[in-house]
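> My questions will all concern the structure given below.
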Amino acid sequence: MFLDILMPWEWEDVSGLDWESYVEHLRDQYSDGDSPAANRIVSLCEDMLERGKPQNPNPYAKSNLGNPIEIDDAADEDEPATPEKIKDVIKRVGEQYPDAAGAPEQDVLLVMRDRFEMNKERASSTIESLQNKGEVYRPTDTTLKVV
């Protein structure tokens with residue numbers, strides 16, 4: 001299995017894997033190497049261990065996506081994630097992209113995470129449930145729209 005040490009936030013799907021132990025293991029594995037590539041890996045690992053685990057500025061977002069959008073600064077912190085509120089999020093995100101087929105799913109997931117403190121799996125499951133009920137559909141593979 002290959003894991004990118006520069007993207008430890010992607011490791012949360014791998015149960016029981018510790019970023020720091022893995023980076024130390026890589027450093028030790030390549031420390032006996034004599035090639036420029038091995039030396040670069042050792043240097044990178046030492047630098048990362050010194051700075052600590054990198055934080056993802058955009059969880060759930062692919063690197064080519066922009067910053068997450070903010071649709072409601074006045075959201076209640078303890079606001080429950082009701083189907084109506086989720087559909088409102090999808091509508092409001094979609095409004096930010098008037099020329100798109102719908103609301104980009106990655107942006108919807110980010111807003112759901114921030115507004116309702118949902119992890120990606122729960123947010124995706126909630127969206128799938130709304131799709132199964134016919135309340136939300138996918139105009140494209142990566143966008144969502146409320147019926």
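Identifiers for the structure tokens are assigned positionally: chains receive A, B, ... in sequence, residues are indexed from 1 per chain, and ligands are indexed from 1 in the order shown.
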Neighbouring residues of Lys120 in chain A were defined as those with any atom within 10 Å, considering only C-alpha atoms; residues of the same chain fewer than 4 positions away were excluded. Please report them as a ChimeraX atom specification.

/A:59-60,106,109-110,112-113,124-126

> Store the residues of this selection in a file with all heavy atoms, as a short mmCIF file (atom, residue, chain, number, x, y, z; two decimals), in the first residue's frame.


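Writing the result to again22.cif gives the following:
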```
data_model
loop_
_atom_site.label_atom_id
_atom_site.label_comp_id
_atom_site.auth_asym_id
_atom_site.auth_seq_id
_atom_site.Cartn_x
_atom_site.Cartn_y
_atom_site.Cartn_z
N PRO A 59 -10.30 19.72 4.10
CA PRO A 59 -10.68 18.32 4.19
C PRO A 59 -11.76 17.99 3.18
O PRO A 59 -12.63 18.80 2.93
CB PRO A 59 -11.19 18.18 5.62
CG PRO A 59 -10.60 19.32 6.33
CD PRO A 59 -10.45 20.42 5.34
N TYR A 60 -11.69 16.82 2.62
CA TYR A 60 -12.62 16.28 1.64
C TYR A 60 -12.45 16.88 0.26
O TYR A 60 -13.05 16.43 -0.69
CB TYR A 60 -14.09 16.47 2.02
CG TYR A 60 -14.47 16.10 3.40
CD1 TYR A 60 -15.58 16.66 3.98
CD2 TYR A 60 -13.76 15.18 4.14
CE1 TYR A 60 -15.96 16.34 5.26
CE2 TYR A 60 -14.11 14.85 5.40
CZ TYR A 60 -15.23 15.43 5.96
OH TYR A 60 -15.60 15.11 7.23
N GLN A 106 -18.40 18.27 -3.43
CA GLN A 106 -17.30 18.50 -2.49
C GLN A 106 -17.55 19.74 -1.64
O GLN A 106 -17.27 19.75 -0.44
CB GLN A 106 -15.96 18.63 -3.24
CG GLN A 106 -15.53 17.36 -3.94
CD GLN A 106 -15.24 16.22 -2.99
OE1 GLN A 106 -14.78 16.43 -1.89
NE2 GLN A 106 -15.55 15.02 -3.41
N LEU A 109 -20.24 18.92 0.95
CA LEU A 109 -19.66 18.14 2.04
C LEU A 109 -18.89 19.03 3.01
O LEU A 109 -18.96 18.85 4.23
CB LEU A 109 -18.75 17.04 1.50
CG LEU A 109 -19.44 15.91 0.74
CD1 LEU A 109 -18.40 15.00 0.08
CD2 LEU A 109 -20.35 15.12 1.64
N LEU A 110 -18.16 20.00 2.47
CA LEU A 110 -17.41 20.92 3.33
C LEU A 110 -18.34 21.76 4.20
O LEU A 110 -18.10 21.93 5.39
CB LEU A 110 -16.54 21.85 2.48
CG LEU A 110 -15.31 21.23 1.86
CD1 LEU A 110 -14.72 22.16 0.81
CD2 LEU A 110 -14.29 20.91 2.92
N MET A 112 -21.43 21.00 5.06
CA MET A 112 -22.07 20.11 6.03
C MET A 112 -21.12 19.80 7.18
O MET A 112 -21.53 19.75 8.34
CB MET A 112 -22.54 18.83 5.34
CG MET A 112 -23.72 19.05 4.41
SD MET A 112 -24.17 17.57 3.46
CE MET A 112 -24.81 16.52 4.74
N ARG A 113 -19.86 19.61 6.86
CA ARG A 113 -18.88 19.35 7.92
C ARG A 113 -18.79 20.54 8.87
O ARG A 113 -18.84 20.40 10.09
CB ARG A 113 -17.51 19.07 7.32
CG ARG A 113 -16.46 18.74 8.41
CD ARG A 113 -15.06 19.14 8.05
NE ARG A 113 -14.98 20.57 7.85
CZ ARG A 113 -14.15 21.15 7.03
NH1 ARG A 113 -13.34 20.44 6.30
NH2 ARG A 113 -14.11 22.46 6.89
N SER A 124 -22.03 12.02 3.34
CA SER A 124 -22.31 11.30 2.09
C SER A 124 -23.52 10.38 2.24
O SER A 124 -24.36 10.28 1.35
CB SER A 124 -21.10 10.49 1.65
OG SER A 124 -20.04 11.34 1.32
N SER A 125 -23.61 9.71 3.38
CA SER A 125 -24.74 8.83 3.65
C SER A 125 -26.05 9.61 3.72
O SER A 125 -27.08 9.17 3.21
CB SER A 125 -24.49 8.08 4.96
OG SER A 125 -25.61 7.31 5.30
N THR A 126 -26.01 10.78 4.31
CA THR A 126 -27.19 11.63 4.40
C THR A 126 -27.64 12.08 3.02
O THR A 126 -28.84 12.05 2.70
CB THR A 126 -26.90 12.85 5.31
OG1 THR A 126 -26.50 12.39 6.59
CG2 THR A 126 -28.12 13.73 5.44
#
```

> Write out as a ChimeraX atom specification the residues lying within 8 Å of Glu24 in chain A, counting only C-alpha atoms and excluding same-chain residues fewer than 4 positions away.

/A:20,28,45,49

> Just the number, please: distance in Å from CA of Gly134 in chain A to CA of Ile90 in chain A, one decimal.

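Separating CA of Gly134 in chain A from CA of Ile90 in chain A is a distance of 14.2 Å.
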
> Between CA of Arg27 in chain A and CA of Asp47 in chain A, what is the spacing in Å?

10.4 Å

> Compile the contact shell of Glu117 in chain A as JSON, numbers by chain: residues with an atom at most 10 Å away, counting only C-alpha atoms, same-chain residues fewer than 5 positions apart removed.

{"A": [77, 78, 79, 80, 81, 110, 111, 112, 122, 123]}

> What is the distance, in Å and to one decimal place, between CA of Lys145 in chain A and CA of Ala103 in chain A?

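If I compute the distance from CA of Lys145 in chain A to CA of Ala103 in chain A, I get 6.3 Å.
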
> Select, from A:Ile41, A:Leu144, A:Val23, A:Met48, the residue with the minimum atom-to-atom distance to Glu95 in chain A, counting only C-alpha atoms.

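Answer, going by the shortest atom-to-atom distance: A:Leu144.
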
> Within 12 Å of Ser129 in chain A, counting only C-alpha atoms, which residues qualify if same-chain residues fewer than 6 places away don't, as an MDAnalysis selection string?

chainID A and resid 82:83 86:87 122:123 135:137
